[in-house]
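Working notes, structure below.
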Amino acid sequence: MTRADIRPSEHPFPDHSSPDHSSPDRSSPAHSAPAHPFPDHSVPDHSVPDHSVPDHSVPAHPFPDLHGHGLRLRPWDADSDVDLDAWFRGRTDPEFRRWNTPLKLTTDLDSARESLRNTARKAAEGTAVTYCVTDAATGAPLGQVGVNVIDRVMSCARVGYWVLPEARGRRVATHALALTARWALAGPGMGLGLHRLELGHAVGHDASCHVAERCGFRHEGTLRGAMWEAERYDAYRDVHLHARLATDPDVSPQATRRVNP
C-alpha cells in the first residue's frame, strides 16, 4: 500500500472528538491535518454547567477517516443503532472474551452505549483513537481498531483490534491495523506523529500474532503475568509483546500468506 491509500477527507478533524482512528479521507498522497488536532483548553470556561439532566454529549471526532484495502475506518457513533449493535456483538463475542478481559465488561446495550461514549471522550482528550472498521462499498461494520494509551511525552501508544464473526477470514484485522499503524506513525500533518506502537496479545493467540507480524510489529519478548485470564480479575497470563517504530521500514500486509482474522 502506498501513501496514496491514505486520503484526506474534506474535514479531517470534524467538530466532534470521538475516539477513532479515522485518518483523513485520503485521496491525495498526504493527509493534511490542522496545526492543532486537539481542542485548545488554555482558556478556562467558568460557566456553570446545568446538572438538572445527565450530560451525554460527546465531543466532536478530531481524527480523519482512513481508507484502503476496501475498508473505511471512521468514528463510532454511539447514537447509531447499527454501530451500537456491532459494538455490543464484538465485545460480547466468545472469541473476544476468550482473549480479552476489559476493565469493565459489556453486558447489555446500555453498557455498550456508555462504553462507546467513553471512547469518544478519550479521543477528545487525545489519549486514544478508536475506529469502526467498515466495508468501503456497503458501509457495514466489520470490527474495531484503536490506538490506546497515547503517551505524548514518550511518543508511544498501544494498538488493539477485533473483528466480527461474519468478517473473519478476509484479512480485515491485518488491513485495518496496517492503515492505522501507518497513520499513527506518520509525522505531523500526516498522522499522530508517534515514535513507537506496541501490540500485546495473550500467549497462544496465534491469529493475533500473525496479524502483528504481517503489519511489521516485531516480536520483542514475553511479559510474564501481564494480563488477566479470560473473564477473571484474580488470575494472570503471559503476553507476547510486539512493537513497531516510525523508523522501521514500511511493510505490505500482502507480503505473507498465512491465514488471518
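We label chains A, B, ... in the order they appear in the C-alpha cells, count residues from 1 in each chain, and number ligands from 1 in the order shown.
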Determine, counting only C-alpha atoms, which protein, DNA and RNA residues have an atom within 9 Å of an atom of His240 (chain A); residues of the same chain fewer than 6 positions away are not included. Present the result as a list in words.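 Near neighbours after the sequence-gap exclusion: Leu199, Gly200, His201, Ala202, Val203, Gly204, Cys209, His219, Glu220, Gly221, Thr222, Leu223 and Arg224 of chain A.
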If you keep N, CA, C and O atoms, can you produce a file of those selected residues as a compact mmCIF listing (two decimals), in the first residue's frame?
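The file below, again16.txt, is the result:
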# COMPACT_ATOMS: atom_id res chain seq x y z
N LEU A 199 1.99 -3.65 20.64
CA LEU A 199 0.85 -4.56 20.45
C LEU A 199 1.10 -5.78 21.33
O LEU A 199 2.11 -6.46 21.18
N GLY A 200 0.19 -6.03 22.23
CA GLY A 200 0.32 -7.20 23.10
C GLY A 200 -0.87 -8.13 22.96
O GLY A 200 -2.00 -7.69 22.80
N HIS A 201 -0.61 -9.43 22.97
CA HIS A 201 -1.71 -10.40 22.91
C HIS A 201 -1.36 -11.58 23.81
O HIS A 201 -0.19 -11.87 24.08
N ALA A 202 -2.38 -12.25 24.28
CA ALA A 202 -2.17 -13.41 25.16
C ALA A 202 -1.37 -14.49 24.43
O ALA A 202 -1.57 -14.74 23.24
N VAL A 203 -0.45 -15.09 25.15
CA VAL A 203 0.31 -16.19 24.57
C VAL A 203 -0.67 -17.29 24.16
O VAL A 203 -1.57 -17.65 24.92
N GLY A 204 -0.50 -17.79 22.96
CA GLY A 204 -1.41 -18.80 22.43
C GLY A 204 -2.38 -18.25 21.41
O GLY A 204 -3.01 -19.02 20.67
N CYS A 209 -1.00 -12.97 16.63
CA CYS A 209 0.45 -12.92 16.45
C CYS A 209 0.78 -12.77 14.96
O CYS A 209 1.65 -11.99 14.57
N HIS A 219 8.31 -9.14 17.16
CA HIS A 219 8.16 -9.77 18.47
C HIS A 219 9.35 -9.38 19.32
O HIS A 219 10.50 -9.61 18.95
N GLU A 220 9.10 -8.79 20.49
CA GLU A 220 10.18 -8.33 21.35
C GLU A 220 10.37 -9.17 22.60
O GLU A 220 11.37 -9.01 23.30
N GLY A 221 9.41 -10.03 22.90
CA GLY A 221 9.58 -10.88 24.08
C GLY A 221 8.26 -11.24 24.72
O GLY A 221 7.19 -10.97 24.18
N THR A 222 8.36 -11.88 25.88
CA THR A 222 7.17 -12.32 26.61
C THR A 222 7.10 -11.60 27.94
O THR A 222 8.08 -11.57 28.70
N LEU A 223 5.96 -11.01 28.23
CA LEU A 223 5.73 -10.34 29.51
C LEU A 223 5.00 -11.33 30.42
O LEU A 223 3.90 -11.79 30.10
N ARG A 224 5.61 -11.65 31.53
CA ARG A 224 5.01 -12.65 32.43
C ARG A 224 3.85 -12.06 33.21
O ARG A 224 3.97 -11.00 33.80
Write out as a list in words all residues of region 115-177 of chain A that backbone DSSP assigns to strand (DSSP E). Val129, Thr130, Tyr131, Cys132, Val133, Thr134, Asp135, Pro141, Leu142, Gly143, Gln144, Val145, Gly146, Val147, Asn148, Val149, Ile150, Asp151, Cys156, Ala157, Arg158, Val159, Gly160, Tyr161, Trp162 and Val163 of chain A
Please produce a file of those selected residues containing N, CA and C atoms, as a PDB file, in the first residue's frame.
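File again_26.pdb, as written:
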ATOM      1  N   VAL A 129      -7.654   6.704  20.195  1.00  0.00           N
ATOM      2  CA  VAL A 129      -8.406   6.859  18.947  1.00  0.00           C
ATOM      3  C   VAL A 129      -8.997   5.496  18.617  1.00  0.00           C
ATOM      4  N   THR A 130     -10.319   5.419  18.493  1.00  0.00           N
ATOM      5  CA  THR A 130     -10.964   4.135  18.239  1.00  0.00           C
ATOM      6  C   THR A 130     -11.774   4.211  16.952  1.00  0.00           C
ATOM      7  N   TYR A 131     -11.456   3.353  16.003  1.00  0.00           N
ATOM      8  CA  TYR A 131     -12.121   3.351  14.711  1.00  0.00           C
ATOM      9  C   TYR A 131     -13.127   2.216  14.571  1.00  0.00           C
ATOM     10  N   CYS A 132     -14.214   2.513  13.878  1.00  0.00           N
ATOM     11  CA  CYS A 132     -15.126   1.488  13.408  1.00  0.00           C
ATOM     12  C   CYS A 132     -14.622   1.092  12.027  1.00  0.00           C
ATOM     13  N   VAL A 133     -14.249  -0.173  11.864  1.00  0.00           N
ATOM     14  CA  VAL A 133     -13.764  -0.671  10.581  1.00  0.00           C
ATOM     15  C   VAL A 133     -14.982  -1.085   9.761  1.00  0.00           C
ATOM     16  N   THR A 134     -15.166  -0.485   8.595  1.00  0.00           N
ATOM     17  CA  THR A 134     -16.340  -0.782   7.784  1.00  0.00           C
ATOM     18  C   THR A 134     -15.956  -1.201   6.372  1.00  0.00           C
ATOM     19  N   ASP A 135     -16.880  -1.866   5.711  1.00  0.00           N
ATOM     20  CA  ASP A 135     -16.726  -2.202   4.296  1.00  0.00           C
ATOM     21  C   ASP A 135     -16.908  -0.912   3.510  1.00  0.00           C
ATOM     22  N   PRO A 141     -20.386  -2.380   9.330  1.00  0.00           N
ATOM     23  CA  PRO A 141     -19.307  -2.523  10.314  1.00  0.00           C
ATOM     24  C   PRO A 141     -18.721  -3.926  10.280  1.00  0.00           C
ATOM     25  N   LEU A 142     -17.388  -4.004  10.355  1.00  0.00           N
ATOM     26  CA  LEU A 142     -16.678  -5.277  10.315  1.00  0.00           C
ATOM     27  C   LEU A 142     -15.897  -5.550  11.584  1.00  0.00           C
ATOM     28  N   GLY A 143     -15.554  -4.486  12.316  1.00  0.00           N
ATOM     29  CA  GLY A 143     -14.746  -4.674  13.510  1.00  0.00           C
ATOM     30  C   GLY A 143     -14.271  -3.346  14.067  1.00  0.00           C
ATOM     31  N   GLN A 144     -13.226  -3.417  14.861  1.00  0.00           N
ATOM     32  CA  GLN A 144     -12.697  -2.240  15.555  1.00  0.00           C
ATOM     33  C   GLN A 144     -11.183  -2.277  15.552  1.00  0.00           C
ATOM     34  N   VAL A 145     -10.563  -1.096  15.462  1.00  0.00           N
ATOM     35  CA  VAL A 145      -9.118  -0.971  15.649  1.00  0.00           C
ATOM     36  C   VAL A 145      -8.879   0.327  16.405  1.00  0.00           C
ATOM     37  N   GLY A 146      -7.933   0.309  17.318  1.00  0.00           N
ATOM     38  CA  GLY A 146      -7.711   1.502  18.133  1.00  0.00           C
ATOM     39  C   GLY A 146      -6.255   1.733  18.470  1.00  0.00           C
ATOM     40  N   VAL A 147      -5.945   3.002  18.687  1.00  0.00           N
ATOM     41  CA  VAL A 147      -4.651   3.424  19.219  1.00  0.00           C
ATOM     42  C   VAL A 147      -4.938   3.920  20.625  1.00  0.00           C
ATOM     43  N   ASN A 148      -4.440   3.207  21.618  1.00  0.00           N
ATOM     44  CA  ASN A 148      -4.820   3.458  23.002  1.00  0.00           C
ATOM     45  C   ASN A 148      -3.626   3.889  23.854  1.00  0.00           C
ATOM     46  N   VAL A 149      -3.955   4.455  25.015  1.00  0.00           N
ATOM     47  CA  VAL A 149      -2.937   4.873  25.985  1.00  0.00           C
ATOM     48  C   VAL A 149      -1.861   5.713  25.279  1.00  0.00           C
ATOM     49  N   ILE A 150      -2.271   6.741  24.572  1.00  0.00           N
ATOM     50  CA  ILE A 150      -1.332   7.603  23.850  1.00  0.00           C
ATOM     51  C   ILE A 150      -0.522   8.421  24.854  1.00  0.00           C
ATOM     52  N   ASP A 151       0.774   8.268  24.793  1.00  0.00           N
ATOM     53  CA  ASP A 151       1.698   8.976  25.680  1.00  0.00           C
ATOM     54  C   ASP A 151       2.502   9.955  24.826  1.00  0.00           C
ATOM     55  N   CYS A 156       4.510   7.307  22.329  1.00  0.00           N
ATOM     56  CA  CYS A 156       4.180   5.901  22.096  1.00  0.00           C
ATOM     57  C   CYS A 156       2.707   5.647  22.409  1.00  0.00           C
ATOM     58  N   ALA A 157       2.213   4.485  22.005  1.00  0.00           N
ATOM     59  CA  ALA A 157       0.829   4.104  22.259  1.00  0.00           C
ATOM     60  C   ALA A 157       0.706   2.602  22.082  1.00  0.00           C
ATOM     61  N   ARG A 158      -0.463   2.054  22.414  1.00  0.00           N
ATOM     62  CA  ARG A 158      -0.741   0.638  22.241  1.00  0.00           C
ATOM     63  C   ARG A 158      -1.877   0.475  21.244  1.00  0.00           C
ATOM     64  N   VAL A 159      -1.790  -0.531  20.412  1.00  0.00           N
ATOM     65  CA  VAL A 159      -2.843  -0.775  19.430  1.00  0.00           C
ATOM     66  C   VAL A 159      -3.578  -2.067  19.750  1.00  0.00           C
ATOM     67  N   GLY A 160      -4.838  -2.113  19.358  1.00  0.00           N
ATOM     68  CA  GLY A 160      -5.642  -3.307  19.558  1.00  0.00           C
ATOM     69  C   GLY A 160      -6.730  -3.376  18.510  1.00  0.00           C
ATOM     70  N   TYR A 161      -7.345  -4.537  18.341  1.00  0.00           N
ATOM     71  CA  TYR A 161      -8.349  -4.711  17.294  1.00  0.00           C
ATOM     72  C   TYR A 161      -9.197  -5.926  17.590  1.00  0.00           C
ATOM     73  N   TRP A 162     -10.382  -5.957  17.008  1.00  0.00           N
ATOM     74  CA  TRP A 162     -11.200  -7.169  16.983  1.00  0.00           C
ATOM     75  C   TRP A 162     -12.048  -7.139  15.721  1.00  0.00           C
ATOM     76  N   VAL A 163     -12.486  -8.329  15.298  1.00  0.00           N
ATOM     77  CA  VAL A 163     -13.254  -8.463  14.062  1.00  0.00           C
ATOM     78  C   VAL A 163     -14.528  -9.250  14.368  1.00  0.00           C
TER      79      VAL A 163
END
Could you give me the residues within region 34-245 of chain A that DSSP places in alpha helix (DSSP H), as a PyMOL selection string? chain A and resi 81-92+94-99+109-125+172-185+206-214
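Close contacts of Ala112 (chain A), defined as residues with an atom at most 9 Å away when counting only C-alpha atoms, with chain neighbours fewer than 6 positions off set aside, comprise Ala78, Leu84, Asp85, Trp87, Phe88, Arg91, Leu105 and Thr106 of chain A.
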Print the selection's residues with all heavy atoms to a file, as a PDB file, in the first residue's frame.
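This went into part_8.pdb:
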ATOM      1  N   ALA A  78     -22.251   6.521  18.866  1.00  0.00           N
ATOM      2  CA  ALA A  78     -22.999   5.905  19.965  1.00  0.00           C
ATOM      3  C   ALA A  78     -24.502   6.057  19.802  1.00  0.00           C
ATOM      4  O   ALA A  78     -25.275   5.350  20.460  1.00  0.00           O
ATOM      5  CB  ALA A  78     -22.560   6.515  21.295  1.00  0.00           C
ATOM      6  N   LEU A  84     -24.137   0.577  17.535  1.00  0.00           N
ATOM      7  CA  LEU A  84     -24.333   0.030  18.878  1.00  0.00           C
ATOM      8  C   LEU A  84     -24.425  -1.491  18.827  1.00  0.00           C
ATOM      9  O   LEU A  84     -23.815  -2.189  19.644  1.00  0.00           O
ATOM     10  CB  LEU A  84     -25.600   0.617  19.497  1.00  0.00           C
ATOM     11  CG  LEU A  84     -25.895   0.196  20.935  1.00  0.00           C
ATOM     12  CD1 LEU A  84     -24.790   0.655  21.881  1.00  0.00           C
ATOM     13  CD2 LEU A  84     -27.249   0.751  21.385  1.00  0.00           C
ATOM     14  N   ASP A  85     -25.149  -2.005  17.850  1.00  0.00           N
ATOM     15  CA  ASP A  85     -25.282  -3.457  17.714  1.00  0.00           C
ATOM     16  C   ASP A  85     -23.928  -4.103  17.415  1.00  0.00           C
ATOM     17  O   ASP A  85     -23.580  -5.141  18.002  1.00  0.00           O
ATOM     18  CB  ASP A  85     -26.268  -3.783  16.586  1.00  0.00           C
ATOM     19  CG  ASP A  85     -26.340  -5.282  16.299  1.00  0.00           C
ATOM     20  OD1 ASP A  85     -26.877  -6.024  17.144  1.00  0.00           O
ATOM     21  OD2 ASP A  85     -25.842  -5.701  15.235  1.00  0.00           O
ATOM     22  N   TRP A  87     -20.894  -2.913  18.104  1.00  0.00           N
ATOM     23  CA  TRP A  87     -20.032  -2.792  19.282  1.00  0.00           C
ATOM     24  C   TRP A  87     -20.417  -3.823  20.339  1.00  0.00           C
ATOM     25  O   TRP A  87     -19.551  -4.482  20.926  1.00  0.00           O
ATOM     26  CB  TRP A  87     -20.130  -1.380  19.847  1.00  0.00           C
ATOM     27  CG  TRP A  87     -19.215  -1.087  20.991  1.00  0.00           C
ATOM     28  CD1 TRP A  87     -19.509  -1.147  22.321  1.00  0.00           C
ATOM     29  CD2 TRP A  87     -17.843  -0.669  20.914  1.00  0.00           C
ATOM     30  NE1 TRP A  87     -18.416  -0.798  23.082  1.00  0.00           N
ATOM     31  CE2 TRP A  87     -17.386  -0.500  22.238  1.00  0.00           C
ATOM     32  CE3 TRP A  87     -16.967  -0.431  19.860  1.00  0.00           C
ATOM     33  CZ2 TRP A  87     -16.085  -0.095  22.541  1.00  0.00           C
ATOM     34  CZ3 TRP A  87     -15.674  -0.026  20.154  1.00  0.00           C
ATOM     35  CH2 TRP A  87     -15.240   0.131  21.486  1.00  0.00           C
ATOM     36  N   PHE A  88     -21.719  -3.967  20.574  1.00  0.00           N
ATOM     37  CA  PHE A  88     -22.195  -4.929  21.565  1.00  0.00           C
ATOM     38  C   PHE A  88     -21.809  -6.355  21.171  1.00  0.00           C
ATOM     39  O   PHE A  88     -21.296  -7.124  21.984  1.00  0.00           O
ATOM     40  CB  PHE A  88     -23.710  -4.813  21.715  1.00  0.00           C
ATOM     41  CG  PHE A  88     -24.317  -5.845  22.616  1.00  0.00           C
ATOM     42  CD1 PHE A  88     -24.149  -5.766  23.997  1.00  0.00           C
ATOM     43  CD2 PHE A  88     -25.044  -6.909  22.107  1.00  0.00           C
ATOM     44  CE1 PHE A  88     -24.692  -6.726  24.849  1.00  0.00           C
ATOM     45  CE2 PHE A  88     -25.590  -7.872  22.934  1.00  0.00           C
ATOM     46  CZ  PHE A  88     -25.414  -7.787  24.311  1.00  0.00           C
ATOM     47  N   ARG A  91     -17.960  -6.942  21.507  1.00  0.00           N
ATOM     48  CA  ARG A  91     -17.454  -7.000  22.882  1.00  0.00           C
ATOM     49  C   ARG A  91     -17.995  -8.187  23.683  1.00  0.00           C
ATOM     50  O   ARG A  91     -17.445  -8.515  24.736  1.00  0.00           O
ATOM     51  CB  ARG A  91     -17.808  -5.702  23.605  1.00  0.00           C
ATOM     52  CG  ARG A  91     -17.253  -4.445  22.961  1.00  0.00           C
ATOM     53  CD  ARG A  91     -15.959  -4.022  23.538  1.00  0.00           C
ATOM     54  NE  ARG A  91     -16.074  -3.649  24.934  1.00  0.00           N
ATOM     55  CZ  ARG A  91     -15.067  -3.113  25.625  1.00  0.00           C
ATOM     56  NH1 ARG A  91     -13.896  -2.918  25.053  1.00  0.00           N
ATOM     57  NH2 ARG A  91     -15.221  -2.788  26.893  1.00  0.00           N
ATOM     58  N   LEU A 105     -16.730  -4.928  31.755  1.00  0.00           N
ATOM     59  CA  LEU A 105     -17.345  -5.790  30.757  1.00  0.00           C
ATOM     60  C   LEU A 105     -18.605  -5.154  30.171  1.00  0.00           C
ATOM     61  O   LEU A 105     -19.327  -4.434  30.856  1.00  0.00           O
ATOM     62  CB  LEU A 105     -17.700  -7.141  31.374  1.00  0.00           C
ATOM     63  CG  LEU A 105     -16.542  -8.021  31.855  1.00  0.00           C
ATOM     64  CD1 LEU A 105     -17.080  -9.272  32.538  1.00  0.00           C
ATOM     65  CD2 LEU A 105     -15.632  -8.399  30.692  1.00  0.00           C
ATOM     66  N   THR A 106     -18.847  -5.425  28.906  1.00  0.00           N
ATOM     67  CA  THR A 106     -20.083  -5.015  28.251  1.00  0.00           C
ATOM     68  C   THR A 106     -21.085  -6.144  28.430  1.00  0.00           C
ATOM     69  O   THR A 106     -20.831  -7.282  28.020  1.00  0.00           O
ATOM     70  CB  THR A 106     -19.839  -4.758  26.752  1.00  0.00           C
ATOM     71  OG1 THR A 106     -18.910  -3.685  26.608  1.00  0.00           O
ATOM     72  CG2 THR A 106     -21.138  -4.404  26.042  1.00  0.00           C
TER      73      THR A 106
END
So which one's closest to Leu241 (chain A), A:Leu179, A:Ala137, A:Met227, A:Phe63? Using only C-alpha atoms, please.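 Closest residue, counting only C-alpha atoms: A:Met227.
CA of Ala246 (chain A) is positioned 22.9 Å from CA of Arg72 (chain A).
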